[in-house]
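Pasting my_file.cif here (mmCIF, C-alpha atoms and all ligand atoms):
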```
data_protein
#
loop_
_atom_site.label_atom_id
_atom_site.label_comp_id
_atom_site.auth_asym_id
_atom_site.auth_seq_id
_atom_site.Cartn_x
_atom_site.Cartn_y
_atom_site.Cartn_z
CA MET A 1 -10.40 -73.22 37.35
CA PRO A 2 -6.57 -73.25 37.09
CA LYS A 3 -5.19 -70.59 34.69
CA SER A 4 -2.13 -72.65 33.74
CA LEU A 5 -1.17 -76.17 34.45
CA ALA A 6 1.88 -78.30 35.01
CA PRO A 7 1.82 -82.07 34.66
CA VAL A 8 3.17 -84.19 37.53
CA ILE A 9 4.58 -86.58 34.92
CA ASP A 10 5.76 -85.35 31.54
CA ALA A 11 7.67 -88.23 29.97
CA ASP A 12 8.21 -89.40 26.44
CA ARG A 13 4.87 -91.14 26.00
CA VAL A 14 2.94 -90.29 29.13
CA THR A 15 1.63 -87.05 30.60
CA LEU A 16 -0.27 -87.03 33.88
CA TYR A 17 -2.17 -84.13 35.44
CA ILE A 18 -3.52 -84.18 38.96
CA GLY A 19 -6.63 -82.01 39.20
CA ASP A 20 -10.22 -81.62 38.11
CA THR A 21 -10.85 -82.74 34.54
CA VAL A 22 -13.56 -80.13 33.99
CA GLY A 23 -11.08 -77.35 34.81
CA ILE A 24 -8.05 -78.91 33.09
CA LEU A 25 -9.53 -79.88 29.70
CA PRO A 26 -10.02 -76.26 28.47
CA LEU A 27 -6.30 -75.65 29.14
CA LEU A 28 -5.10 -78.50 26.91
CA GLU A 29 -4.19 -77.92 23.29
CA PRO A 30 -7.28 -78.00 21.05
CA SER A 31 -7.55 -80.93 18.58
CA SER A 32 -4.50 -82.60 20.13
CA VAL A 33 -5.77 -86.11 21.00
CA SER A 34 -6.97 -88.92 18.74
CA SER A 35 -9.29 -90.84 21.09
CA VAL A 36 -10.72 -90.83 24.61
CA VAL A 37 -11.16 -94.10 26.47
CA THR A 38 -12.52 -93.53 29.93
CA ASP A 39 -14.29 -94.90 32.96
CA PRO A 40 -15.92 -91.87 34.58
CA PRO A 41 -17.81 -91.88 37.86
CA TYR A 42 -21.28 -93.40 37.32
CA GLY A 43 -23.05 -91.09 39.75
CA LEU A 44 -24.16 -93.96 41.99
CA GLY A 45 -22.44 -92.83 45.18
CA PHE A 46 -20.20 -95.92 44.88
CA CYS A 47 -19.20 -97.11 48.36
CA GLY A 48 -19.89 -93.61 49.69
CA GLN A 49 -16.98 -92.15 47.64
CA ASP A 50 -17.20 -88.36 47.17
CA TRP A 51 -15.92 -88.70 43.60
CA ASP A 52 -19.06 -90.62 42.66
CA CYS A 53 -21.61 -88.30 44.33
CA ALA A 54 -23.43 -85.05 43.50
CA THR A 55 -21.15 -83.32 46.06
CA GLY A 56 -18.10 -84.09 43.90
CA PHE A 57 -19.90 -83.11 40.69
CA ARG A 58 -21.05 -79.77 42.17
CA GLU A 59 -17.47 -79.05 43.22
CA SER A 60 -16.46 -79.41 39.53
CA LEU A 61 -19.07 -76.84 38.47
CA PRO A 62 -18.32 -73.74 40.59
CA ASP A 63 -19.84 -71.42 37.96
CA VAL A 64 -23.11 -73.32 37.51
CA ASP A 65 -26.09 -72.76 39.79
CA THR A 66 -27.03 -76.34 40.67
CA SER A 67 -29.10 -75.42 43.73
CA ARG A 68 -32.44 -76.29 42.10
CA MET A 69 -31.22 -79.41 40.32
CA SER A 70 -31.89 -82.99 41.43
CA ASP A 71 -28.84 -85.24 41.83
CA PRO A 72 -29.44 -86.92 38.41
CA GLU A 73 -29.68 -83.46 36.80
CA VAL A 74 -26.41 -82.41 38.44
CA PHE A 75 -24.81 -85.60 37.12
CA GLU A 76 -26.04 -84.91 33.57
CA THR A 77 -24.85 -81.27 33.71
CA TRP A 78 -21.47 -82.45 34.94
CA CYS A 79 -21.23 -85.07 32.13
CA ARG A 80 -22.04 -82.34 29.62
CA ALA A 81 -19.27 -80.15 31.11
CA TRP A 82 -16.51 -82.77 30.73
CA ALA A 83 -17.84 -83.88 27.34
CA SER A 84 -17.65 -80.24 26.11
CA GLY A 85 -14.01 -80.16 27.23
CA LEU A 86 -13.31 -83.44 25.41
CA LEU A 87 -14.91 -82.13 22.25
CA GLN A 88 -12.42 -79.28 22.19
CA VAL A 89 -9.37 -81.46 22.84
CA LEU A 90 -10.28 -84.24 20.38
CA LYS A 91 -9.39 -84.06 16.71
CA PRO A 92 -12.44 -83.90 14.41
CA GLY A 93 -13.83 -87.43 13.97
CA GLY A 94 -12.12 -88.61 17.20
CA TYR A 95 -13.89 -91.33 19.17
CA LEU A 96 -14.94 -91.45 22.80
CA ALA A 97 -15.60 -94.72 24.68
CA ALA A 98 -17.09 -94.16 28.14
CA PHE A 99 -18.26 -96.81 30.62
CA GLY A 100 -21.54 -96.17 32.39
CA GLY A 101 -23.78 -97.62 35.08
CA THR A 102 -27.13 -99.13 34.01
CA ARG A 103 -29.09 -96.73 36.26
CA THR A 104 -27.38 -93.51 35.18
CA TRP A 105 -25.99 -94.24 31.74
CA HIS A 106 -28.88 -92.41 29.99
CA ARG A 107 -27.89 -89.18 31.76
CA MET A 108 -24.28 -89.56 30.64
CA ALA A 109 -25.41 -90.27 27.04
CA ARG A 110 -27.60 -87.12 27.08
CA GLY A 111 -24.76 -85.02 28.49
CA VAL A 112 -22.33 -86.32 25.86
CA GLU A 113 -24.84 -85.79 23.04
CA SER A 114 -25.87 -82.31 24.11
CA ALA A 115 -22.18 -81.32 24.31
CA GLY A 116 -22.03 -81.98 20.55
CA PHE A 117 -20.91 -85.61 20.13
CA GLN A 118 -22.58 -88.05 17.73
CA ILE A 119 -23.74 -91.18 19.53
CA ARG A 120 -22.42 -94.04 17.39
CA ASP A 121 -23.04 -97.23 19.34
CA GLN A 122 -23.13 -98.93 22.69
CA ILE A 123 -21.10 -101.98 23.67
CA ALA A 124 -22.78 -104.30 26.16
CA TRP A 125 -20.16 -105.85 28.40
CA LEU A 126 -21.73 -108.95 29.96
CA TYR A 127 -20.32 -110.52 33.09
CA SER A 128 -21.40 -113.02 35.68
CA THR A 129 -19.71 -112.05 38.92
CA GLY A 130 -21.75 -108.95 39.88
CA MET A 131 -23.28 -108.89 43.36
CA PRO A 132 -26.93 -107.77 43.77
CA LYS A 133 -27.51 -104.60 45.77
CA SER A 134 -31.02 -105.10 47.05
CA MET A 135 -33.04 -104.20 50.13
CA ASP A 136 -34.44 -107.23 51.96
CA LEU A 137 -38.03 -105.95 52.27
CA SER A 138 -38.99 -108.56 54.86
CA ARG A 139 -36.20 -107.48 57.20
CA ALA A 140 -36.95 -103.82 56.42
CA ALA A 141 -40.57 -104.43 57.52
CA ASP A 142 -39.41 -105.91 60.85
CA GLN A 143 -37.08 -102.95 61.38
CA HIS A 144 -39.76 -100.46 60.39
CA LEU A 145 -42.06 -102.01 62.99
CA GLY A 146 -39.33 -101.71 65.63
CA VAL A 147 -38.38 -105.41 65.84
CA GLU A 148 -34.84 -106.81 65.68
CA ARG A 149 -34.26 -110.44 64.62
CA PRO A 150 -32.54 -112.28 67.47
CA ASP A 151 -31.04 -114.95 65.16
CA ARG A 152 -29.53 -112.50 62.60
CA VAL A 153 -25.70 -112.63 62.27
CA VAL A 154 -23.69 -109.89 60.52
CA GLU A 155 -19.92 -109.81 60.08
CA VAL A 156 -18.34 -106.33 60.10
CA SER A 157 -14.82 -105.78 58.79
CA ASN A 158 -12.63 -102.73 58.50
CA MET A 159 -10.95 -103.21 55.13
CA GLU A 160 -7.67 -101.55 54.26
CA GLY A 161 -7.52 -98.85 51.62
CA VAL A 162 -10.32 -96.60 50.44
CA MET A 163 -13.24 -99.02 50.98
CA GLY A 164 -13.48 -98.37 54.71
CA ARG A 165 -15.92 -100.37 56.86
CA THR A 166 -17.96 -103.13 55.18
CA SER A 167 -20.50 -105.65 56.49
CA ARG A 168 -21.70 -109.07 55.28
CA VAL A 169 -24.88 -110.86 56.36
CA LEU A 170 -24.01 -114.42 57.42
CA ILE A 171 -27.49 -115.46 58.67
CA LYS A 172 -30.44 -113.25 57.78
CA GLY A 173 -32.68 -114.53 60.56
CA GLN A 174 -36.35 -115.52 60.60
CA PRO A 175 -39.07 -112.86 60.11
CA VAL A 176 -40.73 -111.86 63.35
CA THR A 177 -43.85 -109.87 62.34
CA ASN A 178 -46.72 -111.04 60.09
CA GLN A 179 -45.98 -108.25 57.59
CA ALA A 180 -42.35 -109.39 57.36
CA ARG A 181 -43.44 -113.01 56.79
CA LYS A 182 -45.61 -111.88 53.84
CA LEU A 183 -42.62 -110.04 52.33
CA GLU A 184 -40.20 -112.99 52.53
CA GLY A 185 -38.33 -113.22 49.20
CA TRP A 186 -39.05 -109.62 48.10
CA GLY A 187 -36.22 -107.22 47.23
CA THR A 188 -35.46 -104.08 45.22
CA GLY A 189 -32.59 -104.87 42.84
CA LEU A 190 -31.43 -107.28 40.13
CA ARG A 191 -27.95 -108.77 40.07
CA PRO A 192 -25.83 -106.62 37.74
CA GLY A 193 -24.85 -108.60 34.63
CA PHE A 194 -23.82 -105.91 32.17
CA GLU A 195 -22.19 -102.53 31.86
CA PRO A 196 -22.86 -100.29 28.86
CA ILE A 197 -19.92 -98.65 27.09
CA LEU A 198 -21.00 -95.56 25.19
CA ILE A 199 -19.29 -95.08 21.81
CA ALA A 200 -19.53 -91.49 20.52
CA ARG A 201 -17.66 -89.43 17.95
CA LYS A 202 -16.74 -85.78 17.51
CA PRO A 203 -18.40 -84.71 14.25
CA PRO A 204 -15.96 -84.99 11.34
CA LYS A 205 -15.00 -81.88 9.33
CA GLY A 206 -16.44 -82.16 5.83
CA SER A 207 -16.98 -85.66 4.48
CA LEU A 208 -15.89 -88.55 6.66
CA ILE A 209 -13.24 -89.72 4.22
CA SER A 210 -11.68 -86.26 3.84
CA ASN A 211 -11.62 -86.02 7.65
CA VAL A 212 -9.93 -89.45 7.94
CA LEU A 213 -7.37 -88.47 5.33
CA GLU A 214 -6.59 -85.14 7.01
CA TYR A 215 -6.65 -86.06 10.73
CA GLY A 216 -6.38 -89.87 10.79
CA THR A 217 -9.52 -89.98 12.95
CA GLY A 218 -13.14 -90.90 12.18
CA GLY A 219 -12.83 -94.62 11.44
CA LEU A 220 -12.66 -97.80 13.52
CA ASN A 221 -9.58 -99.99 13.27
CA ILE A 222 -11.54 -103.14 12.42
CA ASP A 223 -8.56 -105.32 11.64
CA ARG A 224 -6.65 -104.54 14.84
CA SER A 225 -9.72 -105.22 16.98
CA ARG A 226 -10.70 -108.53 15.40
CA PHE A 227 -10.88 -111.39 17.88
CA GLY A 228 -10.90 -115.20 17.82
CA LYS A 229 -10.29 -116.45 14.31
CA GLY A 230 -10.32 -112.99 12.73
CA ARG A 231 -13.95 -112.13 13.53
CA TRP A 232 -15.36 -108.64 12.93
CA PRO A 233 -15.53 -106.68 16.24
CA VAL A 234 -19.00 -106.81 17.76
CA ASN A 235 -20.87 -104.60 20.22
CA VAL A 236 -21.26 -107.33 22.84
CA ALA A 237 -18.40 -108.63 24.98
CA PHE A 238 -18.54 -111.53 27.46
CA ASP A 239 -16.65 -112.80 30.41
CA ASN A 240 -15.60 -116.47 30.49
CA GLU A 241 -18.59 -117.66 32.51
CA GLN A 242 -21.12 -115.92 30.28
CA ALA A 243 -19.44 -117.47 27.26
CA ALA A 244 -19.60 -120.94 28.85
CA ALA A 245 -23.29 -120.43 29.75
CA LEU A 246 -24.08 -119.42 26.16
CA ASN A 247 -22.32 -122.52 24.85
CA ASP A 248 -24.28 -124.73 27.29
CA THR A 249 -27.63 -123.42 26.03
CA ALA A 250 -26.90 -122.64 22.37
CA GLY A 251 -24.27 -125.31 21.61
CA LEU A 252 -22.48 -125.16 18.26
CA ASP A 253 -23.00 -122.78 15.32
CA GLY A 254 -23.40 -123.82 11.67
CA ASP A 255 -19.61 -124.23 11.35
CA GLY A 256 -19.48 -126.59 14.32
CA LEU A 257 -17.87 -123.98 16.61
CA PRO A 258 -19.15 -123.00 20.09
CA VAL A 259 -21.57 -120.05 19.66
CA SER A 260 -19.54 -117.93 22.12
CA THR A 261 -16.68 -117.75 19.59
CA LYS A 262 -18.81 -115.14 17.79
CA PHE A 263 -18.13 -112.73 20.69
CA PRO A 264 -14.95 -111.39 22.24
CA VAL A 265 -14.31 -112.79 25.72
CA PHE A 266 -12.50 -110.79 28.38
CA ARG A 267 -11.79 -112.02 31.78
CA TYR A 268 -14.14 -110.31 34.24
CA ASP A 269 -13.47 -110.34 37.92
CA ARG A 270 -15.84 -107.58 39.06
CA LYS A 271 -12.68 -105.66 39.68
CA ALA A 272 -9.75 -106.55 37.41
CA PRO A 273 -7.77 -109.69 38.35
CA GLN A 274 -5.57 -109.26 41.41
CA VAL A 275 -2.29 -109.23 39.42
CA GLU A 276 -3.54 -106.25 37.41
CA ARG A 277 -4.58 -104.18 40.44
CA PRO A 278 -1.78 -102.04 41.84
CA THR A 279 -1.42 -101.29 45.53
CA ALA A 280 0.98 -98.61 46.71
CA PHE A 281 1.53 -97.39 50.27
CA GLY A 282 -1.59 -99.27 51.43
CA VAL A 283 -3.81 -97.61 48.81
CA ALA A 284 -5.86 -99.58 46.28
CA HIS A 285 -8.58 -98.47 43.85
CA THR A 286 -12.07 -99.94 44.12
CA THR A 287 -13.17 -99.84 40.47
CA VAL A 288 -10.26 -101.15 38.44
CA LYS A 289 -11.20 -102.25 34.91
CA PRO A 290 -9.67 -105.30 33.19
CA LEU A 291 -6.63 -104.41 31.08
CA GLY A 292 -7.61 -106.65 28.13
CA LEU A 293 -10.95 -104.92 27.62
CA ILE A 294 -9.38 -101.44 27.68
CA ARG A 295 -6.63 -102.51 25.26
CA TRP A 296 -9.32 -103.76 22.86
CA LEU A 297 -11.20 -100.44 23.00
CA ILE A 298 -8.04 -98.38 22.56
CA THR A 299 -6.83 -100.30 19.50
CA MET A 300 -10.29 -100.14 17.92
CA LEU A 301 -10.66 -96.36 18.33
CA THR A 302 -7.15 -94.92 18.00
CA PRO A 303 -5.20 -94.38 14.78
CA VAL A 304 -1.70 -95.91 14.76
CA GLY A 305 0.75 -93.54 16.48
CA GLY A 306 -2.15 -91.57 18.02
CA VAL A 307 -2.64 -89.97 21.44
CA VAL A 308 -5.17 -91.45 23.88
CA LEU A 309 -6.76 -89.29 26.59
CA GLU A 310 -8.10 -90.70 29.89
CA PRO A 311 -9.76 -87.87 31.86
CA PHE A 312 -10.67 -90.08 34.88
CA ALA A 313 -7.54 -92.15 35.34
CA GLY A 314 -8.15 -93.88 38.71
CA SER A 315 -5.44 -96.52 39.16
CA GLY A 316 -4.34 -96.02 35.55
CA THR A 317 -5.69 -99.04 33.64
CA THR A 318 -6.07 -96.92 30.47
CA VAL A 319 -2.58 -95.49 30.97
CA GLU A 320 -1.01 -98.96 31.11
CA ALA A 321 -3.18 -100.26 28.25
CA ALA A 322 -2.22 -97.35 25.96
CA LEU A 323 1.48 -97.78 26.72
CA LEU A 324 1.29 -101.53 26.07
CA GLU A 325 -0.41 -100.82 22.73
CA LEU A 326 2.37 -98.33 21.81
CA PHE A 327 0.25 -95.16 21.95
CA GLN A 328 0.90 -91.88 23.74
CA ILE A 329 -1.34 -91.24 26.74
CA VAL A 330 -2.51 -88.08 28.47
CA ALA A 331 -4.23 -88.79 31.78
CA ILE A 332 -6.03 -86.69 34.41
CA GLU A 333 -6.98 -87.75 37.94
CA LYS A 334 -8.46 -85.52 40.60
CA ASN A 335 -7.61 -87.56 43.64
CA LEU A 336 -4.00 -87.21 44.76
CA THR A 337 -4.33 -90.48 46.71
CA PHE A 338 -4.25 -92.42 43.45
CA GLU A 339 -1.06 -90.84 42.10
CA PRO A 340 1.18 -93.62 43.55
CA LEU A 341 -1.02 -96.23 41.82
CA LEU A 342 -0.62 -94.43 38.52
CA ARG A 343 3.12 -94.18 39.02
CA SER A 344 3.35 -97.89 39.87
CA ARG A 345 1.54 -98.81 36.61
CA ILE A 346 3.94 -96.62 34.63
CA ASP A 347 6.94 -98.15 36.48
CA ARG A 348 5.61 -101.65 35.76
CA TRP A 349 5.46 -100.83 32.07
CA LEU A 350 8.92 -99.18 32.11
CA ASN A 351 10.47 -102.21 33.86
CA ASN A 352 8.87 -104.64 31.44
CA THR A 353 9.99 -102.57 28.49
CA SER A 354 13.57 -102.31 29.70
CA ALA A 355 13.63 -106.06 30.51
CA THR A 356 12.90 -107.06 26.90
C1 LIG B 401 -14.40 -95.19 38.02
S1 LIG B 401 -12.92 -94.53 38.56
C2 LIG B 401 -11.75 -94.99 37.29
C3 LIG B 401 -11.08 -96.32 37.58
C4 LIG B 401 -10.14 -96.74 36.46
N1 LIG B 401 -10.89 -97.15 35.29
C5 LIG B 401 -9.24 -97.89 36.86
O1 LIG B 401 -9.27 -98.96 36.21
O2 LIG B 401 -8.52 -97.76 37.86
C6 LIG B 401 -13.15 -92.84 38.28
C7 LIG B 401 -12.01 -91.95 38.74
O3 LIG B 401 -12.32 -90.61 38.38
C8 LIG B 401 -11.78 -89.74 39.36
N2 LIG B 401 -12.52 -88.47 39.28
C9 LIG B 401 -13.77 -88.19 39.74
N3 LIG B 401 -14.13 -86.93 39.45
C10 LIG B 401 -13.07 -86.39 38.78
C11 LIG B 401 -12.85 -85.11 38.18
N4 LIG B 401 -13.75 -84.16 38.26
N5 LIG B 401 -11.66 -84.91 37.56
C12 LIG B 401 -10.71 -85.89 37.48
N6 LIG B 401 -10.88 -87.13 38.03
C13 LIG B 401 -12.04 -87.37 38.67
C14 LIG B 401 -11.99 -90.48 40.67
O4 LIG B 401 -11.09 -90.05 41.67
C15 LIG B 401 -11.77 -91.94 40.23
O5 LIG B 401 -10.43 -92.34 40.49
#
```
Could the structure of this file be written out as structure tokens, please?
Amino acid sequence: MPKSLAPVIDADRVTLYIGDTVGILPLLEPSSVSSVVTDPPYGLGFCGQDWDCATGFRESLPDVDTSRMSDPEVFETWCRAWASGLLQVLKPGGYLAAFGGTRTWHRMARGVESAGFQIRDQIAWLYSTGMPKSMDLSRAADQHLGVERPDRVVEVSNMEGVMGRTSRVLIKGQPVTNQARKLEGWGTGLRPGFEPILIARKPPKGSLISNVLEYGTGGLNIDRSRFGKGRWPVNVAFDNEQAAALNDTAGLDGDGLPVSTKFPVFRYDRKAPQVERPTAFGVAHTTVKPLGLIRWLITMLTPVGGVVLEPFAGSGTTVEAALLELFQIVAIEKNLTFEPLLRSRIDRWLNNTSAT
């Protein structure tokens, strides 16, 4: 753990640290931030990235004996470690919004709760462009029995950036063995259609209202996070296609409006739309979140003039969103490779600000 720390950016409204969040958080000033909006690793080994695997989590916990823990247990212990750090840095009553993966979200929620947070809600973010990750059991049976399919065609590409080598099945080929024929159409995974966003709160000091009056934290900014024609913020968000599908099946509500107008709609593009994704020196980030969704979360959870903390900054979506919404932002990112992306987001904001 570093004993002291120096930010790589220390500007008027933005502070950026490069290093491990678990080590850095205890060195930040206690009760100094108003909200945390973050997209931590989901513990799914995303695209073979170290930052999303037990190896990376163990590295963050040099003082914890993880040798007898399963990978999900290591993930939970690691979530508890960063959540404990956040608890110290947040003002009493301060909110945390953290994205999670459907397979591992329960571990993150347990880690956050056992660190001392109150679990307040969960936002379901529904989208339609997810790709299924599923084993083709019929093909697996052929392979298991030592048979290759002569008519199978796979395209392999070596993508630029951090994704590395990827492959795409163009023709899956006909099953060869009897066992494989019986397993035609069987798989192991559903197409992802939602991501949970955990909403938790540091316990307020005293009554909630005295906490709000003293620290400014503890409440939700309902009016700033209304959507459509002034609707109350809701714990389900859609992408455009989901909204259109709902309208097709459910039609109009009692006021003659499409049913989807009851829910906020954010563009979803699996990754954020291309214009929002920075690339610098050939580096891109693989899990960029849409700016509109992060802006909505930040304005809902942060008191006016407050400080937002993003302990897993990635390409800096939360950094840009906080700046656009006129908040201060403190960000931490472990991977030096992403620093140019973060700097390019900050430059984009600075250029836009100076242009107006
Ligand atoms: C899911 S990505 C965040 C992507 C971000 N929401 C965006 O839109 O670009 C998680 C990030 O956390 C970083 N990370 C992983 N472990 C970390 C740690 N212990 N400390 C700080 N950052 C870490 C990874 O390098 C990765 O960039």
Given 3 Å on each side, where is the centre and what are the edge lengths in Å to one decimal of the axis-aligned box enclosing the listed atoms of ligand LIG 401 (chain B), as lines of an AutoDock Vina configuration file?
```
center_x = -11.5
center_y = -91.6
center_z = 38.5
size_x = 11.9
size_y = 20.8
size_z = 12.4
```
With 6 Å as the cut-off and all atoms listed in the file counted, what is the closest atom pair between each nearby residue of chain A and ligand LIG 401 (chain B)? Distances in Å to one decimal, ordered by chain and number, as CSV.
```
residue,atom,partner,partner_atom,distance
A:Gly19,CA,B:LIG401,C12,5.9
A:Asp20,CA,B:LIG401,N5,3.6
A:Thr21,CA,B:LIG401,N5,3.8
A:Val22,CA,B:LIG401,N4,5.9
A:Asp39,CA,B:LIG401,N1,4.7
A:Pro40,CA,B:LIG401,C6,4.7
A:Pro41,CA,B:LIG401,C1,4.8
A:Trp51,CA,B:LIG401,C9,4.4
A:Ser60,CA,B:LIG401,N4,5.6
A:Thr287,CA,B:LIG401,C3,5.0
A:Val288,CA,B:LIG401,O1,3.3
A:Lys289,CA,B:LIG401,O1,4.0
A:Phe312,CA,B:LIG401,O3,3.9
A:Ala313,CA,B:LIG401,C4,5.4
A:Gly314,CA,B:LIG401,O5,3.3
A:Ser315,CA,B:LIG401,O2,3.6
A:Gly316,CA,B:LIG401,O2,5.1
A:Thr317,CA,B:LIG401,O1,4.4
A:Ile332,CA,B:LIG401,C12,5.7
A:Glu333,CA,B:LIG401,N6,4.0
A:Lys334,CA,B:LIG401,C12,3.9
A:Asn335,CA,B:LIG401,O4,4.7
```
task: Grab the CA of Pro233 in chain A to CA of Leu90 in chain A distance for me, in Å with one decimal place.
output: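 Distance between the two atoms: 23.4 Å.
For the pair CA of Ala109 in chain A and CA of Arg58 in chain A, the interatomic distance is 18.9 Å.
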query: Using all atoms listed in the file, which residues sit within 9 Å of Ala6 in chain A once same-chain residues fewer than 3 positions away are excluded, as JSON, numbers by chain?
result: {"A": [9, 10, 17, 18]}
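Here CA of Met69 in chain A and CA of Arg107 in chain A stand 13.4 Å from one another.
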task: Find the spatial neighbours of range 220-228 of chain A, counting all atoms listed in the file, within a cut-off of 8 Å - ignore same-chain residues fewer than 6 positions away - and output them as a PyMOL selection string.
output: chain A and resi 261-264+296-297+299-303
List every residue of range 227-332 of chain A that has an atom at most 10 Å from any atom of range 192-204 of chain A, giving for each one its closest atom pair and the distance in Å to one decimal, counting all atoms listed in the file, sorted by chain and then by ascending residue number, as JSON lines.
```
{"residue": "A:Asn235", "atom": "CA", "partner": "A:Ile197", "partner_atom": "CA", "distance": 9.1}
{"residue": "A:Val236", "atom": "CA", "partner": "A:Pro196", "partner_atom": "CA", "distance": 9.4}
{"residue": "A:Ala237", "atom": "CA", "partner": "A:Phe194", "partner_atom": "CA", "distance": 9.4}
{"residue": "A:Phe238", "atom": "CA", "partner": "A:Phe194", "partner_atom": "CA", "distance": 9.0}
{"residue": "A:Gln242", "atom": "CA", "partner": "A:Gly193", "partner_atom": "CA", "distance": 9.3}
{"residue": "A:Leu297", "atom": "CA", "partner": "A:Ile199", "partner_atom": "CA", "distance": 9.8}
{"residue": "A:Leu301", "atom": "CA", "partner": "A:Ile199", "partner_atom": "CA", "distance": 9.4}
```
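In this comparison, which uses all atoms listed in the file, the residue of A:Leu86, A:Leu61, A:Gly219, A:Arg103 approaching Glu29 in chain A most closely is A:Leu86.
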- request: Extract, using all atoms listed in the file, all DNA, RNA and protein residues at most 9 Å from Leu44 in chain A, discarding same-chain residues fewer than 6 positions from it, and format them as a PyMOL selection string.
  value: chain A and resi 52-53+101+103-104
query: Which of these, A:Trp78, A:Asp248, A:Ile209, A:Ser344, has the shortest distance to Thr66 in chain A once you count only C-alpha atoms?
result: A:Trp78
Considering only C-alpha atoms, tabulate each residue of range 203-312 of chain A that lies at most 7 Å from range 318-322 of chain A along with its nearest interatomic pair and the corresponding distance in Å to one decimal; arrange the rows by chain and ascending residue number and present them as a Markdown table.
```
| residue | atom | partner | partner_atom | distance |
| --- | --- | --- | --- | --- |
| A:Leu291 | CA | A:Ala321 | CA | 6.1 |
| A:Ile294 | CA | A:Thr318 | CA | 6.3 |
| A:Arg295 | CA | A:Ala321 | CA | 5.1 |
| A:Ile298 | CA | A:Ala322 | CA | 6.8 |
| A:Val308 | CA | A:Ala322 | CA | 6.9 |
| A:Glu310 | CA | A:Thr318 | CA | 6.6 |
```
For the residues in that selection, give me C-alpha atoms as a PDB file, in the frame of the given file.
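As a result, selection.pdb now contains:
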```pdb
ATOM      1  CA  LEU A 291      -6.630-104.410  31.080  1.00  0.00           C
ATOM      2  CA  ILE A 294      -9.380-101.440  27.680  1.00  0.00           C
ATOM      3  CA  ARG A 295      -6.630-102.510  25.260  1.00  0.00           C
ATOM      4  CA  ILE A 298      -8.040 -98.380  22.560  1.00  0.00           C
ATOM      5  CA  VAL A 308      -5.170 -91.450  23.880  1.00  0.00           C
ATOM      6  CA  GLU A 310      -8.100 -90.700  29.890  1.00  0.00           C
TER       7      GLU A 310
END
```
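With distances restricted to only C-alpha atoms, A:Leu126 is the closest residue to Ala243 in chain A from A:Leu126, A:Val307, A:Leu96, A:Val74.
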message: Taking all atoms listed in the file into account, name the residue in A:Val169, A:Val234, A:Leu336, A:Leu87 that is nearest to Asp121 in chain A.
response: A:Val234
